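Heads up, coords.csv below (CSV, C-alpha atoms):
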```csv
chain,number,residue,atom,x,y,z
Y,1,MET,CA,-5.5,-17.0,-18.0
Y,2,THR,CA,-5.0,-20.8,-18.3
Y,3,ASP,CA,-1.9,-22.8,-19.1
Y,4,ASP,CA,-3.2,-23.2,-22.7
Y,5,THR,CA,-3.4,-19.4,-23.2
Y,6,PRO,CA,-0.3,-18.1,-25.1
Y,7,LEU,CA,1.4,-15.1,-23.5
Y,8,THR,CA,1.4,-11.9,-25.6
Y,9,GLN,CA,4.8,-10.4,-26.5
Y,10,GLU,CA,4.1,-7.6,-28.9
Y,11,PRO,CA,5.6,-4.1,-29.4
Y,12,ARG,CA,2.8,-2.5,-27.3
Y,13,VAL,CA,1.7,-5.4,-25.0
Y,14,TRP,CA,4.0,-7.8,-23.2
Y,15,GLN,CA,3.1,-10.2,-20.5
Y,16,ASP,CA,4.1,-13.1,-18.3
Y,17,GLU,CA,2.1,-15.2,-15.9
Y,18,HIS,CA,1.9,-12.4,-13.3
Y,19,TRP,CA,2.1,-9.1,-15.2
Y,20,THR,CA,1.0,-7.3,-18.3
Y,21,ALA,CA,2.7,-4.2,-19.7
Y,22,ARG,CA,0.6,-2.1,-22.0
Y,23,VAL,CA,1.9,1.0,-23.9
Y,24,VAL,CA,-0.8,3.6,-24.1
Y,25,LYS,CA,-1.2,7.1,-25.4
Y,26,ASN,CA,-0.5,9.6,-22.6
Y,27,GLU,CA,-3.6,11.7,-22.3
Y,28,ASP,CA,-1.7,14.6,-20.6
Y,29,ASP,CA,0.7,15.3,-23.5
Y,30,ASP,CA,1.8,14.0,-26.9
Y,31,GLY,CA,3.9,11.2,-25.4
Y,32,TRP,CA,3.3,7.6,-24.4
Y,33,ALA,CA,2.9,5.8,-21.1
Y,34,VAL,CA,3.3,2.2,-20.0
Y,35,ALA,CA,0.7,0.7,-17.6
Y,36,MET,CA,1.6,-2.3,-15.5
Y,37,PHE,CA,-1.3,-4.6,-14.7
Y,38,LYS,CA,-1.0,-7.4,-12.2
Y,39,THR,CA,-2.9,-10.5,-13.6
Y,40,GLY,CA,-6.5,-10.5,-12.5
Y,41,GLN,CA,-6.6,-6.7,-11.7
Y,42,ALA,CA,-8.7,-4.2,-13.7
Y,43,GLU,CA,-6.7,-1.2,-12.6
Y,44,PRO,CA,-2.9,-0.7,-13.3
Y,45,ALA,CA,-0.6,-1.1,-10.4
Y,46,LEU,CA,1.7,1.5,-11.9
Y,47,VAL,CA,1.7,3.9,-14.8
Y,48,GLY,CA,4.8,5.7,-15.9
Y,49,PRO,CA,6.2,7.6,-18.9
Y,50,TRP,CA,7.3,5.6,-21.9
Y,51,THR,CA,10.1,6.4,-24.4
Y,52,MET,CA,9.3,7.7,-27.9
Y,53,GLY,CA,10.6,5.7,-30.9
Y,54,ARG,CA,13.2,7.0,-33.4
Y,55,ASP,CA,10.4,8.6,-35.4
Y,56,LYS,CA,9.5,10.8,-32.4
Y,57,LYS,CA,5.8,10.0,-33.1
Y,58,ASN,CA,5.3,6.3,-32.1
Y,59,PRO,CA,6.4,4.6,-28.9
Y,60,LYS,CA,9.5,2.6,-28.5
Y,61,PRO,CA,8.5,-1.1,-28.8
Y,62,LEU,CA,8.5,-3.2,-25.6
Y,63,ASP,CA,11.0,-6.0,-25.4
Y,64,GLY,CA,12.1,-8.7,-22.9
Y,65,ASN,CA,14.7,-6.6,-21.1
Y,66,ALA,CA,12.4,-3.5,-20.7
Y,67,PHE,CA,9.6,-5.8,-19.5
Y,68,ILE,CA,11.8,-7.4,-16.8
Y,69,THR,CA,12.8,-3.9,-15.6
Y,70,LEU,CA,9.1,-2.8,-15.6
Y,71,VAL,CA,8.1,-5.9,-13.6
Y,72,LYS,CA,10.8,-5.2,-11.0
Y,73,THR,CA,9.7,-1.6,-10.7
Y,74,ALA,CA,6.0,-2.4,-10.5
Y,75,SER,CA,6.6,-5.3,-8.0
Y,76,GLU,CA,8.6,-3.0,-5.7
Y,77,PHE,CA,6.0,-0.2,-6.0
Y,78,VAL,CA,3.2,-2.7,-5.0
Y,79,ARG,CA,5.3,-4.1,-2.1
Y,80,ARG,CA,6.0,-0.6,-0.8
Y,81,SER,CA,2.4,0.4,-1.1
Y,82,GLU,CA,1.4,-2.8,0.9
Y,83,GLN,CA,4.0,-2.0,3.6
Y,84,GLN,CA,2.8,1.6,3.9
Y,85,LEU,CA,-0.9,0.5,4.1
Y,86,HIS,CA,0.1,-2.1,6.8
Y,87,ALA,CA,2.0,0.5,8.8
Y,88,SER,CA,-0.9,3.0,8.7
Y,89,LEU,CA,-3.4,0.3,9.8
Y,90,HIS,CA,-1.2,-1.2,12.6
Y,91,GLN,CA,0.6,1.5,14.6
Y,92,SER,CA,2.6,1.2,17.8
Y,93,LEU,CA,4.2,3.6,20.2
Y,94,SER,CA,6.1,3.1,23.5
Y,95,VAL,CA,5.8,5.5,26.4
Y,96,GLU,CA,6.7,5.4,30.1
Y,97,GLY,CA,3.9,4.5,32.5
Y,98,PRO,CA,3.7,4.4,36.3
Y,99,ALA,CA,4.9,0.7,36.3
Y,100,GLY,CA,7.4,0.9,33.4
Y,101,ARG,CA,7.4,0.9,29.7
Y,102,VAL,CA,4.0,0.6,27.9
Y,103,THR,CA,3.6,-0.2,24.3
Y,104,ALA,CA,0.3,1.1,22.8
Y,105,LEU,CA,-1.1,-0.4,19.6
Y,106,LEU,CA,-3.8,0.9,17.3
Y,107,ASP,CA,-5.1,-1.7,14.9
Y,108,ILE,CA,-7.6,-0.4,12.3
Y,109,GLU,CA,-10.0,-2.6,10.3
Y,110,PRO,CA,-10.7,-0.6,7.1
Y,111,ASP,CA,-14.1,-2.1,6.3
Y,112,GLU,CA,-16.0,0.1,3.7
Y,113,ASP,CA,-19.3,-0.2,5.6
Y,114,ASN,CA,-18.2,-0.3,9.2
Y,115,PRO,CA,-14.6,0.5,9.9
Y,116,SER,CA,-13.4,-0.1,13.4
Y,117,ALA,CA,-10.2,0.2,15.5
Y,118,THR,CA,-8.8,-1.3,18.6
Y,119,LEU,CA,-6.5,0.5,21.0
Y,120,SER,CA,-4.5,-1.7,23.3
Y,121,ALA,CA,-1.6,-1.5,25.7
Y,122,GLN,CA,1.1,-4.1,26.5
Y,123,GLY,CA,3.5,-4.1,29.4
Y,124,GLU,CA,7.2,-4.7,29.1
Y,125,THR,CA,6.8,-8.5,29.0
Y,126,GLY,CA,4.0,-8.4,26.4
Y,127,GLU,CA,1.1,-8.8,28.8
Y,128,LEU,CA,-2.2,-7.2,27.8
Y,129,LEU,CA,-2.8,-4.2,30.1
Y,130,ALA,CA,-5.9,-2.7,28.4
Y,131,GLN,CA,-7.9,-3.1,25.2
Y,132,TRP,CA,-10.7,-0.8,23.9
Y,133,LYS,CA,-12.7,-0.3,20.8
Y,134,VAL,CA,-12.1,3.3,19.5
Y,135,ASP,CA,-13.0,5.3,16.4
Y,136,PRO,CA,-10.8,4.5,13.4
Y,137,THR,CA,-9.9,8.2,13.3
Y,138,PHE,CA,-8.5,8.1,16.8
Y,139,LYS,CA,-5.5,10.5,17.0
Y,140,PHE,CA,-2.7,8.1,17.7
Y,141,ASN,CA,0.4,10.1,18.6
Y,142,ARG,CA,2.9,10.3,21.5
Y,143,HIS,CA,0.9,13.0,23.2
Y,144,THR,CA,-2.5,11.1,23.2
Y,145,VAL,CA,-0.9,7.8,24.1
Y,146,GLN,CA,1.0,9.3,27.0
Y,147,ALA,CA,-2.2,11.0,28.2
Y,148,TRP,CA,-4.1,7.7,27.9
Y,149,VAL,CA,-1.5,5.8,29.9
Y,150,ASP,CA,-1.3,8.6,32.5
Y,151,ALA,CA,-5.1,8.5,32.9
Y,152,GLY,CA,-4.9,4.8,33.7
Y,153,MET,CA,-5.7,3.4,30.3
Y,154,LYS,CA,-9.4,3.9,30.7
Y,155,GLN,CA,-11.7,3.7,27.7
Y,156,PRO,CA,-11.3,6.9,25.7
Y,157,SER,CA,-14.3,8.9,24.7
Y,158,ARG,CA,-15.1,9.0,21.0
Y,159,ALA,CA,-13.3,12.3,20.8
Y,160,GLY,CA,-10.2,10.7,22.3
Y,161,GLN,CA,-10.5,12.4,25.7
Y,162,PHE,CA,-9.3,10.5,28.8
```
Target format structure tokens, applied to this file:
Amino acid sequence: MTDDTPLTQEPRVWQDEHWTARVVKNEDDDGWAVAMFKTGQAEPALVGPWTMGRDKKNPKPLDGNAFITLVKTASEFVRRSEQQLHASLHQSLSVEGPAGRVTALLDIEPDEDNPSATLSAQGETGELLAQWKVDPTFKFNRHTVQAWVDAGMKQPSRAGQF
């Protein structure tokens, strides 16, 4: 969209520079849904139920206030999804080691063709104690991290054995 392109503000489509709300027929029932698209994205970021109009047949028209609420909801949903993805790709746990507290980190690179992961350990002052490439499906939990630290933070086998 360019600066010259007028923004659509119609009963079933409403947009600003970042978002487009589109009221669509709900394929699962006789109702309506609203799909929120982030500008430049082909798939909706969020789809939710939409209210029927007074005639109980057609959807309630979109308006500025409804659009603002939908943008806030969709933005929050996208933000939480991004946070959840980040948390699943960058995990950390702290356990007690022979020389004090050890923080283990698992960083996953979710490449479609060649995903990879790095398992590392840091001491209490942040110094790097160990770093190994591991399978992205490495079981990262308190038990496996403690076993890894107890085994001297040697390179784990592909099956996660120490």
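CA of Val71 in chain Y lies 8.3 Å from CA of Ala21 in chain Y.
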Fill in: Surrounding residues of range 49-63 of chain Y excluding itself and chain neighbours under 6 positions, 12 Å, only C-alpha atoms, as a PyMOL selection string
chain Y and resi 8-15+20-36+69-70
Can you tell me which residues surround Leu93 in chain Y at a distance of at most 10 Å, considering all atoms listed in the file, apart from same-chain residues fewer than 2 positions away, and format the answer as a PDB file with C-alpha atoms, in the frame of the given file?
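Below is the file part34.pdb, written as the result:
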```
ATOM      1  CA  GLN Y  91       0.600   1.500  14.600  1.00  0.00           C
ATOM      2  CA  VAL Y  95       5.800   5.500  26.400  1.00  0.00           C
ATOM      3  CA  VAL Y 102       4.000   0.600  27.900  1.00  0.00           C
ATOM      4  CA  THR Y 103       3.600  -0.200  24.300  1.00  0.00           C
ATOM      5  CA  ALA Y 104       0.300   1.100  22.800  1.00  0.00           C
ATOM      6  CA  LEU Y 105      -1.100  -0.400  19.600  1.00  0.00           C
ATOM      7  CA  LEU Y 106      -3.800   0.900  17.300  1.00  0.00           C
ATOM      8  CA  ALA Y 121      -1.600  -1.500  25.700  1.00  0.00           C
ATOM      9  CA  PHE Y 140      -2.700   8.100  17.700  1.00  0.00           C
ATOM     10  CA  ASN Y 141       0.400  10.100  18.600  1.00  0.00           C
ATOM     11  CA  ARG Y 142       2.900  10.300  21.500  1.00  0.00           C
ATOM     12  CA  VAL Y 145      -0.900   7.800  24.100  1.00  0.00           C
ATOM     13  CA  GLN Y 146       1.000   9.300  27.000  1.00  0.00           C
TER      14      GLN Y 146
END
```
Practice prompt. Go through Y:Phe37, Y:Gly97, Y:Trp148, Y:Glu109 one by one, measure the shortest atom-to-atom distance of each to Phe67 in chain Y using only C-alpha atoms, and give the residue with the smallest value.
Written response: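 That would be Y:Phe37, the residue with the smallest distance to Phe67 in chain Y.
The space separating CA of Leu129 in chain Y from CA of Ala147 in chain Y comes to 15.3 Å.
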Worksheet item: Between CA of Gly64 in chain Y and CA of Leu46 in chain Y, what is the spacing in Å?
Response: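 Spanning CA of Leu46 in chain Y to CA of Gly64 in chain Y is a straight-line distance of 18.3 Å.
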Discussion item. When you count only C-alpha atoms, which of these residues is closest to Lys154 in chain Y: Y:Val134, Y:Ala45, Y:Glu17, Y:Thr73?
Written reply: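 Checking each candidate against Lys154 in chain Y, we get Y:Val134 as the closest.
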Discussion item. Could you check the closest approach to Ala74 in chain Y for each of Y:Val47, Y:Pro98, Y:Ser88, Y:Thr137 and tell me which residue wins, using only C-alpha atoms?
Written reply: Y:Val47
Worksheet item: With only C-alpha atoms as the atoms that count, which of Y:His18, Y:Lys133, Y:Arg101, Y:His90 lies nearest to Lys72 in chain Y?
Response: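 Counting only C-alpha atoms, the residue closest to Lys72 in chain Y is Y:His18.
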Worksheet item: Do you know which residues are at most 12 Å from Pro110 in chain Y counting all atoms listed in the file, after dropping those on the same chain fewer than 3 positions away, and could you put them as an NGL selection string?
Response: :Y and (85-86 or 88-90 or 107 or 113-118 or 135-137)
Suppose we keep C-alpha atoms; can you now write the selection as a PDB file, in the coordinates of the input?
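The resulting selection_6.pdb:
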```
ATOM      1  CA  LEU Y  85      -0.900   0.500   4.100  1.00  0.00           C
ATOM      2  CA  HIS Y  86       0.100  -2.100   6.800  1.00  0.00           C
ATOM      3  CA  SER Y  88      -0.900   3.000   8.700  1.00  0.00           C
ATOM      4  CA  LEU Y  89      -3.400   0.300   9.800  1.00  0.00           C
ATOM      5  CA  HIS Y  90      -1.200  -1.200  12.600  1.00  0.00           C
ATOM      6  CA  ASP Y 107      -5.100  -1.700  14.900  1.00  0.00           C
ATOM      7  CA  ASP Y 113     -19.300  -0.200   5.600  1.00  0.00           C
ATOM      8  CA  ASN Y 114     -18.200  -0.300   9.200  1.00  0.00           C
ATOM      9  CA  PRO Y 115     -14.600   0.500   9.900  1.00  0.00           C
ATOM     10  CA  SER Y 116     -13.400  -0.100  13.400  1.00  0.00           C
ATOM     11  CA  ALA Y 117     -10.200   0.200  15.500  1.00  0.00           C
ATOM     12  CA  THR Y 118      -8.800  -1.300  18.600  1.00  0.00           C
ATOM     13  CA  ASP Y 135     -13.000   5.300  16.400  1.00  0.00           C
ATOM     14  CA  PRO Y 136     -10.800   4.500  13.400  1.00  0.00           C
ATOM     15  CA  THR Y 137      -9.900   8.200  13.300  1.00  0.00           C
TER      16      THR Y 137
END
```
